[in-house]
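What follows is the content of protein.txt, which has compact mmCIF, C-alpha atoms and all ligand atoms:
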# COMPACT_ATOMS: atom_id res chain seq x y z
CA MET W 1 -72.00 66.05 14.52
CA ALA W 2 -69.40 67.36 16.98
CA GLU W 3 -66.42 65.14 17.83
CA LEU W 4 -64.98 66.73 20.94
CA TYR W 5 -61.62 66.14 22.58
CA ILE W 6 -59.67 68.02 25.23
CA GLY W 7 -55.90 68.58 25.05
CA LEU W 8 -53.97 69.31 28.27
CA MET W 9 -50.40 70.53 28.17
CA SER W 10 -47.81 71.92 30.52
CA GLY W 11 -44.46 72.57 28.93
CA THR W 12 -40.85 73.08 29.89
CA SER W 13 -41.51 76.68 30.98
CA ILE W 14 -43.48 75.15 33.91
CA ASP W 15 -45.81 78.14 33.91
CA GLY W 16 -49.18 76.37 34.01
CA ILE W 17 -51.71 74.20 32.23
CA ASP W 18 -53.02 74.91 28.73
CA ALA W 19 -56.42 73.27 28.19
CA GLY W 20 -58.06 73.27 24.76
CA LEU W 21 -61.47 71.94 23.75
CA VAL W 22 -61.26 70.84 20.13
CA ASP W 23 -63.92 69.73 17.66
CA PHE W 24 -62.79 67.32 14.92
CA ALA W 25 -66.19 67.12 13.18
CA ASP W 26 -65.87 66.45 9.42
CA ASN W 27 -62.12 65.96 9.95
CA LYS W 28 -61.67 69.69 10.46
CA ILE W 29 -59.82 70.96 13.52
CA THR W 30 -61.67 73.72 15.38
CA LEU W 31 -60.75 75.11 18.78
CA VAL W 32 -64.03 75.60 20.67
CA GLU W 33 -62.64 77.01 23.92
CA PHE W 34 -59.32 77.50 25.69
CA HIS W 35 -58.47 77.79 29.37
CA TYR W 36 -55.14 78.57 31.01
CA GLN W 37 -54.51 77.71 34.63
CA PRO W 38 -51.23 79.01 36.09
CA PHE W 39 -49.31 76.84 38.54
CA PRO W 40 -48.89 78.13 42.10
CA ALA W 41 -45.30 79.38 42.63
CA GLU W 42 -44.49 76.61 45.19
CA LEU W 43 -45.56 73.91 42.73
CA ARG W 44 -43.31 75.38 40.05
CA GLN W 45 -40.41 75.22 42.50
CA SER W 46 -41.20 71.62 43.48
CA ILE W 47 -41.26 70.58 39.82
CA GLN W 48 -37.98 72.37 39.17
CA ALA W 49 -36.45 70.74 42.23
CA ILE W 50 -37.14 67.18 41.07
CA SER W 51 -36.30 67.90 37.42
CA GLN W 52 -32.55 68.37 37.79
CA ALA W 53 -29.77 66.00 36.84
CA ASN W 54 -27.85 64.37 39.74
CA GLN W 55 -30.66 65.21 42.10
CA ALA W 56 -31.72 62.79 44.81
CA VAL W 57 -35.52 62.65 44.66
CA LEU W 58 -37.62 61.28 47.51
CA LEU W 59 -40.14 58.76 46.20
CA LEU W 60 -42.65 60.26 48.62
CA ASP W 61 -42.25 63.69 47.02
CA TYR W 62 -42.34 62.26 43.53
CA GLY W 63 -45.53 60.26 44.14
CA ALA W 64 -47.32 63.18 45.79
CA LEU W 65 -46.38 65.53 42.96
CA ASP W 66 -47.64 63.03 40.38
CA SER W 67 -51.02 62.90 42.15
CA LEU W 68 -51.21 66.67 42.69
CA ILE W 69 -50.44 67.50 39.06
CA GLY W 70 -52.96 64.88 37.92
CA ARG W 71 -55.58 66.55 40.11
CA LEU W 72 -54.74 70.02 38.75
CA PHE W 73 -54.91 68.75 35.17
CA GLY W 74 -58.33 67.19 35.87
CA GLU W 75 -59.54 70.42 37.47
CA ALA W 76 -58.29 72.44 34.49
CA ALA W 77 -60.34 70.22 32.16
CA ASN W 78 -63.42 70.66 34.37
CA ALA W 79 -62.92 74.46 34.44
CA LEU W 80 -62.69 74.46 30.64
CA LEU W 81 -65.98 72.56 30.38
CA ARG W 82 -67.69 74.89 32.87
CA LYS W 83 -66.58 77.85 30.75
CA VAL W 84 -68.44 76.51 27.68
CA GLY W 85 -71.27 74.77 29.53
CA ILE W 86 -70.64 71.43 27.83
CA PRO W 87 -71.07 68.23 29.91
CA ALA W 88 -68.18 65.80 30.36
CA SER W 89 -70.31 63.08 28.72
CA ALA W 90 -70.05 64.99 25.40
CA ILE W 91 -66.25 64.61 25.35
CA LYS W 92 -64.74 61.61 23.61
CA ALA W 93 -61.38 61.78 25.39
CA ILE W 94 -58.70 63.91 27.00
CA GLY W 95 -55.13 63.85 25.72
CA SER W 96 -52.83 64.77 28.58
CA HIS W 97 -49.17 65.50 27.99
CA GLY W 98 -48.49 65.84 31.71
CA GLN W 99 -45.45 67.65 33.06
CA THR W 100 -42.04 66.55 31.85
CA VAL W 101 -39.70 66.07 34.79
CA TYR W 102 -36.89 64.35 32.93
CA HIS W 103 -36.09 63.60 29.31
CA ALA W 104 -33.18 61.26 28.57
CA PRO W 105 -34.21 59.10 25.61
CA GLU W 106 -30.75 57.98 24.49
CA GLY W 107 -29.35 54.50 25.01
CA ARG W 108 -30.82 51.10 25.70
CA ASP W 109 -32.51 52.19 28.92
CA GLY W 110 -33.44 55.69 27.77
CA PHE W 111 -36.64 57.25 29.08
CA SER W 112 -38.78 60.36 29.20
CA LEU W 113 -40.88 61.01 32.28
CA GLN W 114 -44.10 63.02 32.27
CA ILE W 115 -46.06 63.17 35.52
CA GLY W 116 -49.68 64.08 36.32
CA ASP W 117 -51.49 60.84 37.16
CA PRO W 118 -53.97 60.11 34.31
CA ASN W 119 -56.03 57.89 36.66
CA ARG W 120 -56.84 61.03 38.62
CA ILE W 121 -57.71 62.97 35.47
CA ALA W 122 -60.11 60.22 34.36
CA GLU W 123 -61.64 59.99 37.84
CA ILE W 124 -62.03 63.76 38.39
CA THR W 125 -63.46 64.45 34.94
CA GLY W 126 -65.15 61.12 34.22
CA ILE W 127 -63.59 61.36 30.76
CA THR W 128 -61.42 58.71 29.10
CA THR W 129 -57.86 59.97 29.31
CA VAL W 130 -54.92 59.19 27.04
CA ALA W 131 -51.48 59.95 28.51
CA ASP W 132 -47.82 58.90 28.51
CA PHE W 133 -47.41 59.67 24.82
CA ARG W 134 -43.64 59.59 24.61
CA ARG W 135 -42.51 56.25 25.97
CA ARG W 136 -43.91 54.00 23.26
CA ASP W 137 -41.97 55.93 20.65
CA ILE W 138 -38.81 55.59 22.76
CA ALA W 139 -39.47 51.86 23.15
CA ALA W 140 -39.65 51.74 19.34
CA GLY W 141 -36.19 53.29 19.12
CA GLY W 142 -37.27 56.94 18.81
CA GLN W 143 -36.49 60.08 20.77
CA GLY W 144 -40.07 60.35 22.07
CA ALA W 145 -39.87 64.02 21.07
CA PRO W 146 -40.77 66.24 19.49
CA LEU W 147 -44.25 64.77 18.92
CA VAL W 148 -46.04 67.88 17.73
CA PRO W 149 -44.54 67.77 14.18
CA ALA W 150 -47.07 65.06 13.18
CA PHE W 151 -49.82 67.47 14.14
CA HIS W 152 -48.09 70.42 12.45
CA GLN W 153 -47.95 68.29 9.31
CA ALA W 154 -51.68 67.49 9.54
CA LEU W 155 -52.70 71.08 10.19
CA PHE W 156 -50.19 73.39 8.55
CA THR W 157 -49.06 71.64 5.35
CA ASP W 158 -49.57 73.78 2.24
CA PRO W 159 -48.82 72.03 -1.07
CA ASN W 160 -48.06 75.42 -2.60
CA GLN W 161 -45.58 76.66 -0.01
CA ALA W 162 -42.60 75.04 1.74
CA ARG W 163 -42.97 76.05 5.39
CA THR W 164 -41.23 75.61 8.68
CA VAL W 165 -43.15 75.77 11.94
CA VAL W 166 -41.15 76.79 15.01
CA ASN W 167 -42.42 76.21 18.52
CA ILE W 168 -40.59 78.50 20.94
CA GLY W 169 -41.29 77.20 24.42
CA GLY W 170 -38.68 76.60 27.14
CA ILE W 171 -36.96 74.51 24.46
CA ALA W 172 -37.48 75.31 20.77
CA ASN W 173 -38.37 72.77 18.10
CA ILE W 174 -38.96 72.99 14.37
CA THR W 175 -41.10 71.11 11.83
CA VAL W 176 -40.03 71.30 8.21
CA LEU W 177 -42.97 70.91 5.83
CA ASP W 178 -41.99 70.65 2.17
CA ASP W 179 -42.38 67.94 -0.47
CA LYS W 180 -40.21 65.45 1.50
CA PRO W 181 -41.17 63.49 4.64
CA ALA W 182 -41.43 65.98 7.50
CA ILE W 183 -38.30 66.64 9.52
CA GLY W 184 -38.58 67.90 13.09
CA PHE W 185 -36.26 68.21 16.05
CA ASP W 186 -35.41 70.31 19.08
CA THR W 187 -33.06 73.12 18.09
CA GLY W 188 -31.95 73.86 21.69
CA PRO W 189 -32.98 76.57 24.15
CA GLY W 190 -36.03 78.66 23.32
CA ASN W 191 -37.20 80.85 26.22
CA GLY W 192 -35.83 78.64 29.00
CA LEU W 193 -32.47 80.32 29.64
CA ILE W 194 -33.88 83.75 28.77
CA ASP W 195 -36.57 83.27 31.44
CA TYR W 196 -34.07 81.95 33.97
CA TRP W 197 -31.73 84.94 33.55
CA TYR W 198 -34.60 87.42 33.67
CA GLN W 199 -35.91 85.84 36.89
CA GLN W 200 -32.45 86.19 38.48
CA HIS W 201 -32.63 89.97 38.01
CA HIS W 202 -36.33 90.88 38.08
CA SER W 203 -39.43 89.92 40.00
CA GLY W 204 -41.45 88.86 36.90
CA MET W 205 -41.48 85.46 35.17
CA PHE W 206 -40.32 86.63 31.73
CA ASP W 207 -38.99 89.64 29.82
CA PRO W 208 -42.14 91.22 28.31
CA SER W 209 -41.72 91.43 24.52
CA GLY W 210 -37.95 90.99 25.07
CA GLU W 211 -37.63 94.70 26.01
CA TRP W 212 -34.84 94.21 28.54
CA ALA W 213 -32.83 92.10 26.08
CA ALA W 214 -33.43 94.69 23.34
CA GLY W 215 -31.76 97.37 25.49
CA GLY W 216 -28.55 95.31 25.91
CA GLN W 217 -25.61 94.53 23.64
CA THR W 218 -24.81 91.04 22.38
CA ASN W 219 -21.37 89.93 23.51
CA GLN W 220 -19.84 87.99 20.59
CA GLU W 221 -17.38 86.00 22.72
CA LEU W 222 -20.12 84.81 25.07
CA LEU W 223 -22.35 84.05 22.08
CA ALA W 224 -19.60 81.89 20.56
CA ALA W 225 -19.11 80.11 23.90
CA LEU W 226 -22.84 79.36 24.17
CA LYS W 227 -22.92 77.96 20.65
CA ASP W 228 -19.90 75.80 21.40
CA ASP W 229 -21.89 72.74 22.42
CA PRO W 230 -21.95 69.36 20.67
CA TYR W 231 -25.78 69.30 20.64
CA PHE W 232 -25.89 71.82 17.79
CA ASP W 233 -23.77 69.61 15.51
CA LEU W 234 -25.74 66.43 16.12
CA THR W 235 -27.65 65.19 13.10
CA PRO W 236 -31.40 64.77 13.71
CA PRO W 237 -33.33 62.88 15.02
CA LYS W 238 -32.47 64.68 18.24
CA SER W 239 -34.22 66.12 21.25
CA THR W 240 -33.15 67.83 24.42
CA GLY W 241 -34.52 69.41 27.56
CA LYS W 242 -34.01 71.76 30.44
CA GLU W 243 -32.07 69.12 32.33
CA TYR W 244 -29.32 69.58 29.70
CA PHE W 245 -29.58 73.30 28.82
CA SER W 246 -29.91 74.10 32.51
CA ALA W 247 -28.96 76.92 34.85
CA THR W 248 -25.81 74.92 35.66
CA TRP W 249 -24.94 74.74 31.94
CA LEU W 250 -25.37 78.51 31.66
CA LYS W 251 -23.37 79.27 34.82
CA ARG W 252 -20.47 77.19 33.51
CA LYS W 253 -20.57 79.11 30.21
CA ILE W 254 -20.63 82.58 31.76
CA GLU W 255 -18.24 82.10 34.68
CA SER W 256 -15.29 83.45 32.70
CA PHE W 257 -17.29 86.52 31.55
CA GLY W 258 -17.51 88.16 34.96
CA ASN W 259 -17.42 91.75 33.69
CA LEU W 260 -20.57 91.61 31.54
CA THR W 261 -23.69 93.47 32.60
CA ALA W 262 -26.74 91.32 33.32
CA GLN W 263 -28.59 93.09 30.50
CA ASP W 264 -25.86 92.27 27.98
CA VAL W 265 -26.06 88.62 29.03
CA GLN W 266 -29.82 88.75 28.40
CA ALA W 267 -29.26 90.28 24.95
CA THR W 268 -26.75 87.53 24.19
CA LEU W 269 -29.09 84.76 25.35
CA CYS W 270 -31.80 86.09 23.06
CA GLN W 271 -29.38 86.18 20.13
CA PHE W 272 -28.27 82.64 21.04
CA SER W 273 -31.84 81.26 20.81
CA ALA W 274 -32.49 83.17 17.57
CA ASP W 275 -29.22 82.00 15.97
CA THR W 276 -29.58 78.34 16.91
CA ILE W 277 -33.17 78.26 15.57
CA SER W 278 -32.10 80.09 12.42
CA ASP W 279 -29.04 77.81 11.87
CA ALA W 280 -31.28 74.74 12.21
CA ILE W 281 -33.66 76.13 9.58
CA SER W 282 -30.88 77.13 7.18
CA ARG W 283 -29.30 73.69 7.44
CA HIS W 284 -32.39 71.50 7.39
CA ALA W 285 -35.05 73.53 5.59
CA PRO W 286 -33.18 75.13 2.69
CA VAL W 287 -36.29 75.45 0.49
CA THR W 288 -38.55 76.95 3.19
CA LYS W 289 -40.30 80.09 1.97
CA GLN W 290 -41.96 81.16 5.22
CA VAL W 291 -41.50 80.50 8.92
CA PHE W 292 -44.47 80.36 11.32
CA ILE W 293 -43.93 80.73 15.06
CA CYS W 294 -45.99 79.24 17.86
CA GLY W 295 -45.46 78.88 21.62
CA GLY W 296 -44.95 81.70 24.11
CA GLY W 297 -41.83 82.89 22.27
CA ALA W 298 -44.19 84.25 19.59
CA HIS W 299 -44.81 87.12 22.04
CA ASN W 300 -41.12 88.01 22.37
CA ARG W 301 -40.94 90.76 19.76
CA HIS W 302 -37.18 91.19 20.11
CA LEU W 303 -36.50 87.47 19.64
CA LEU W 304 -38.68 87.37 16.51
CA GLN W 305 -36.92 90.40 15.10
CA LEU W 306 -33.50 88.76 15.60
CA LEU W 307 -34.82 85.59 14.00
CA ALA W 308 -36.20 87.45 10.98
CA GLU W 309 -32.88 89.33 10.58
CA SER W 310 -30.79 86.17 10.50
CA LEU W 311 -33.23 84.10 8.40
CA ARG W 312 -33.99 86.69 5.74
CA ILE W 313 -37.30 84.99 4.90
CA PRO W 314 -40.70 86.08 6.19
CA VAL W 315 -41.46 85.17 9.81
CA ALA W 316 -45.04 85.30 11.12
CA SER W 317 -47.06 83.94 14.02
CA THR W 318 -49.23 80.87 13.36
CA ALA W 319 -52.12 83.30 13.96
CA ALA W 320 -51.53 84.28 10.31
CA ILE W 321 -52.57 80.74 9.30
CA GLY W 322 -55.51 80.55 11.64
CA VAL W 323 -54.19 79.22 14.97
CA ASP W 324 -53.32 81.34 18.01
CA PRO W 325 -49.66 80.53 18.85
CA ASP W 326 -50.60 79.87 22.50
CA HIS W 327 -53.13 77.20 21.54
CA VAL W 328 -51.13 74.96 19.21
CA GLU W 329 -49.69 72.49 21.75
CA ALA W 330 -52.99 71.90 23.61
CA ILE W 331 -54.76 71.27 20.29
CA ALA W 332 -51.92 68.91 19.34
CA PHE W 333 -52.50 66.72 22.39
CA ALA W 334 -56.23 66.56 21.68
CA TRP W 335 -55.26 65.44 18.15
CA LEU W 336 -52.79 62.86 19.48
CA ALA W 337 -55.47 61.40 21.80
CA ARG W 338 -57.80 61.10 18.81
CA GLN W 339 -55.11 59.30 16.81
CA THR W 340 -54.73 56.82 19.68
CA LEU W 341 -58.47 56.13 20.06
CA ARG W 342 -58.77 55.65 16.31
CA GLY W 343 -55.93 53.13 16.42
CA LEU W 344 -53.64 55.37 14.36
CA PRO W 345 -49.95 56.11 14.96
CA GLY W 346 -49.07 59.45 16.52
CA ASN W 347 -45.35 59.48 15.76
CA LEU W 348 -43.47 60.31 12.59
CA CYS W 349 -40.45 58.05 12.18
CA SER W 350 -38.77 60.71 10.03
CA VAL W 351 -38.90 62.99 13.09
CA THR W 352 -38.36 60.85 16.18
CA GLY W 353 -36.26 58.14 14.53
CA ALA W 354 -38.53 55.33 15.75
CA LYS W 355 -38.17 52.16 13.69
CA ALA W 356 -41.93 52.04 13.02
CA PRO W 357 -45.04 54.17 13.37
CA VAL W 358 -46.70 53.29 16.68
CA ILE W 359 -49.95 54.04 18.49
CA LEU W 360 -48.96 56.31 21.35
CA GLY W 361 -50.07 56.48 24.95
CA GLY W 362 -51.96 54.56 27.57
CA ILE W 363 -55.77 54.71 27.78
CA TYR W 364 -57.46 55.29 31.15
CA PRO W 365 -61.20 54.68 30.78
CA GLY W 366 -63.72 57.29 31.83
CA ARG W 367 -67.23 56.71 33.14
CA ASN W 368 -68.53 55.96 29.65
CA GLY W 369 -66.05 53.15 29.10
CA LEU W 370 -63.27 53.49 26.56
CA GLY W 371 -64.41 56.76 24.96
N1 LIG D 1 -45.49 88.75 26.29
C1 LIG D 1 -44.41 87.99 26.28
N2 LIG D 1 -43.19 88.51 26.04
C2 LIG D 1 -42.09 87.76 26.03
N3 LIG D 1 -42.10 86.42 26.25
C3 LIG D 1 -43.27 85.83 26.48
C4 LIG D 1 -44.49 86.56 26.50
N4 LIG D 1 -45.50 85.69 26.75
C5 LIG D 1 -44.94 84.47 26.89
N5 LIG D 1 -43.59 84.53 26.72
C6 LIG D 1 -42.62 83.45 26.82
O1 LIG D 1 -43.25 82.21 26.58
C7 LIG D 1 -43.00 81.30 27.66
C8 LIG D 1 -44.15 80.33 27.76
O2 LIG D 1 -44.20 79.65 26.55
P1 LIG D 1 -44.96 78.29 26.33
O3 LIG D 1 -46.18 78.30 27.17
O4 LIG D 1 -45.06 78.04 24.88
O5 LIG D 1 -43.92 77.29 26.95
P2 LIG D 1 -44.06 75.76 27.24
O6 LIG D 1 -45.31 75.22 26.63
O7 LIG D 1 -43.86 75.62 28.68
O8 LIG D 1 -42.79 75.19 26.52
P3 LIG D 1 -42.43 73.88 25.65
O9 LIG D 1 -42.92 74.10 24.25
O10 LIG D 1 -40.96 73.89 25.76
O11 LIG D 1 -43.02 72.68 26.27
C9 LIG D 1 -42.80 82.20 28.86
O12 LIG D 1 -42.07 81.54 29.85
C10 LIG D 1 -42.04 83.36 28.21
O13 LIG D 1 -40.69 83.08 28.07
C1 LIG D 2 -39.62 65.90 26.61
C2 LIG D 2 -40.42 67.14 26.38
O1 LIG D 2 -41.32 67.45 27.13
N1 LIG D 2 -40.11 67.84 25.29
C3 LIG D 2 -40.83 69.03 24.91
C4 LIG D 2 -39.93 70.25 25.08
O2 LIG D 2 -40.65 71.45 24.76
C5 LIG D 2 -40.42 71.75 23.38
C6 LIG D 2 -39.58 70.61 22.91
O3 LIG D 2 -38.90 70.24 24.13
C7 LIG D 2 -40.39 69.39 22.45
O4 LIG D 2 -39.48 68.35 22.16
C8 LIG D 2 -41.34 68.84 23.52
O5 LIG D 2 -42.64 69.34 23.49
C9 LIG D 2 -43.51 69.28 22.40
C10 LIG D 2 -44.90 69.34 22.91
C11 LIG D 2 -43.36 68.10 21.45
O6 LIG D 2 -43.18 66.96 21.87
O7 LIG D 2 -43.50 68.33 20.25
What do you get writing this file as structure tokens?
Amino acid sequence: MAELYIGLMSGTSIDGIDAGLVDFADNKITLVEFHYQPFPAELRQSIQAISQANQAVLLLDYGALDSLIGRLFGEAANALLRKVGIPASAIKAIGSHGQTVYHAPEGRDGFSLQIGDPNRIAEITGITTVADFRRRDIAAGGQGAPLVPAFHQALFTDPNQARTVVNIGGIANITVLDDKPAIGFDTGPGNGLIDYWYQQHHSGMFDPSGEWAAGGQTNQELLAALKDDPYFDLTPPKSTGKEYFSATWLKRKIESFGNLTAQDVQATLCQFSADTISDAISRHAPVTKQVFICGGGAHNRHLLQLLAESLRIPVASTAAIGVDPDHVEAIAFAWLARQTLRGLPGNLCSVTGAKAPVILGGIYPGRNGLG
């Protein structure tokens, strides 16, 4: 019998909502349908505007954005269900990541803030909604991120092959799957700075297949300057975000390189993401035999080529092991919601550094009760 959940995700690229309908019947994980709903350009700008460090944010703006994103998430779930013709009553629960607006988990009063009011999602869809997955892990002493490694472990572990899964979103993170407890952490920028620089010089949102970067030359001095950041030497558990590796961070790094062409900067940013991912794998996954890529970065052919060159082990998309790279995160949040409703932990202490496994998220009942 089907056991259906919906996963809703919007990541640090702030491009739109990924919605996945997932069937967990017989403890298998099958994606039934997927729907992508892009954000309107003004919404993207509003999210960016409240997501910056040292930014005064009006509570009125913050509250309205939380409600609006909740409504859009609920509507994305409804659109997904219309696509397959399955009624809301057939869905056990929604797992909603929400939209990260700030991630600062360090210290006694550390926090990570995802918005997109789950009350609205539950009301609009009628489906029990699990949300706010990160803060319980932080309360238990963890980073609250990355969370997806627990799911990567459940789905992608192969007892016959040591693997590393790399998610290249705005920020990149890895999951090391070998015979030891899984390691996972954010390696630093993925597509975030690459997208930002592209958008400064073109009308599109991203550099298709990395073509523009591929036509430029990496500048070694700038590359060294970019890598000169204490984050890369921190021992995991560690996580980061766009509020740290921000446009301001990049501007500070490039201000003394005034004579570079924009295309050479793009080439260097691509090399920077590839090198920092590859260094993280070399240091923390020495026995890995194959690397699998998911997230939108899986479509950046140039970035993958640079990664394969510096890793010197096979690099493939997660499509090669049965999951479209664009679907992994949405499926992960459906899986995390299921963990919560079954009373099972969603975090891996070896990844986030939490002092204990904890059940993640808050539960917002749907029309059928608790799901
Ligand atoms: N055809 C393509 N060529 C090059 N890059 C692409 C292509 N398609 C998607 N991308 C990149 O992938 C990004 C979107 O990736 P994704 O949806 O995984 O990010 P996200 O979920 O927001 O991030 P995160 O994992 O950090 O939360 C785009 O902004 C772009 O940089
Ligand atoms: C705070 C936050 O939203 N972090 C994201 C971000 O995007 C990639 C990386 O940084 C990862 O740590 C995380 O997302 C995925 C879904 C995770 O928690 O595994």
- Message: To one decimal place in Å, what is the distance between CA of Leu250 in chain W and CA of Ser317 in chain W?
- Response: 28.5 Å
- Given only C-alpha atoms as the counted atoms, nearest of W:Asn160, W:Gln200, W:Thr261, W:Ser10 to Gly116 in chain W: W:Ser10
Within 12 Å of range 79-100 of chain W, which residues of range 207-300 of chain W show up? Give each one with its shortest atom-to-atom distance in Å (one decimal) and the two atoms involved, counting all atoms listed in the file, rows by chain then rising residue number, as JSON lines.
{"residue": "W:Thr240", "atom": "CA", "partner": "W:Thr100", "partner_atom": "CA", "distance": 11.7}
{"residue": "W:Gly241", "atom": "CA", "partner": "W:Thr100", "partner_atom": "CA", "distance": 9.1}
{"residue": "W:Lys242", "atom": "CA", "partner": "W:Thr100", "partner_atom": "CA", "distance": 9.7}
{"residue": "W:Glu243", "atom": "CA", "partner": "W:Thr100", "partner_atom": "CA", "distance": 10.3}
- Message: I'd like to know which of W:Leu370, W:Ala334, W:Ala122, W:Leu226 is closest to ligand LIG 2 (chain D), using all atoms listed in the file.
- Response: W:Ala334
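Restricting the calculation to all atoms listed in the file, the smallest distance between ligand LIG 1 (chain D) and any of W:Ala247, W:Val265, W:Ala214, W:Leu4 is found for W:Ala214.
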- Message: Give me, as a ChimeraX atom specification, all polymer residues having an atom no more than 10 Å from Ala354 in chain W, counting all atoms listed in the file and skipping those fewer than 4 positions away in the same chain.
- Response: /W:136-144,237,347-350,358
- Query: If you count all atoms listed in the file, which residues fall within 10 Å of Ile14 in chain W, apart from same-chain ones fewer than 4 positions away, as a list in words?
  - Reply: Ser10, Pro38, Phe39, Ala41, Leu43, Arg44, Gln45, Ile47, Gln48, Gln99, Thr100, Val101, Gly169, Gly170 and Gly192 of chain W
- Env. residues ligand LIG 2 (chain D) / 9 Å / all atoms listed in the file / as a PyMOL selection string: chain W and resi 9-13+97-105+112-114+133-134+143-151+167-174+184-190+238-242+295+329-330+332-333
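Coordinates place atom C3 of ligand LIG 1 (chain D) at a distance of 14.2 Å from CA of Ala274 in chain W.
Atom to atom, CA of Met1 in chain W and CA of Leu155 in chain W stand 20.4 Å apart.
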- Message: I'd like the neighbourhood of Asn27 in chain W as a list in words, where a residue qualifies if any of its atoms comes within 12 Å (using all atoms listed in the file), though same-chain residues fewer than 3 positions away should be ignored.
- Response: Met1, Ala2, Glu3, Leu4, Val22, Asp23, Phe24, Thr30, Ala154, Leu155, Trp335, Arg338 and Gln339 of chain W
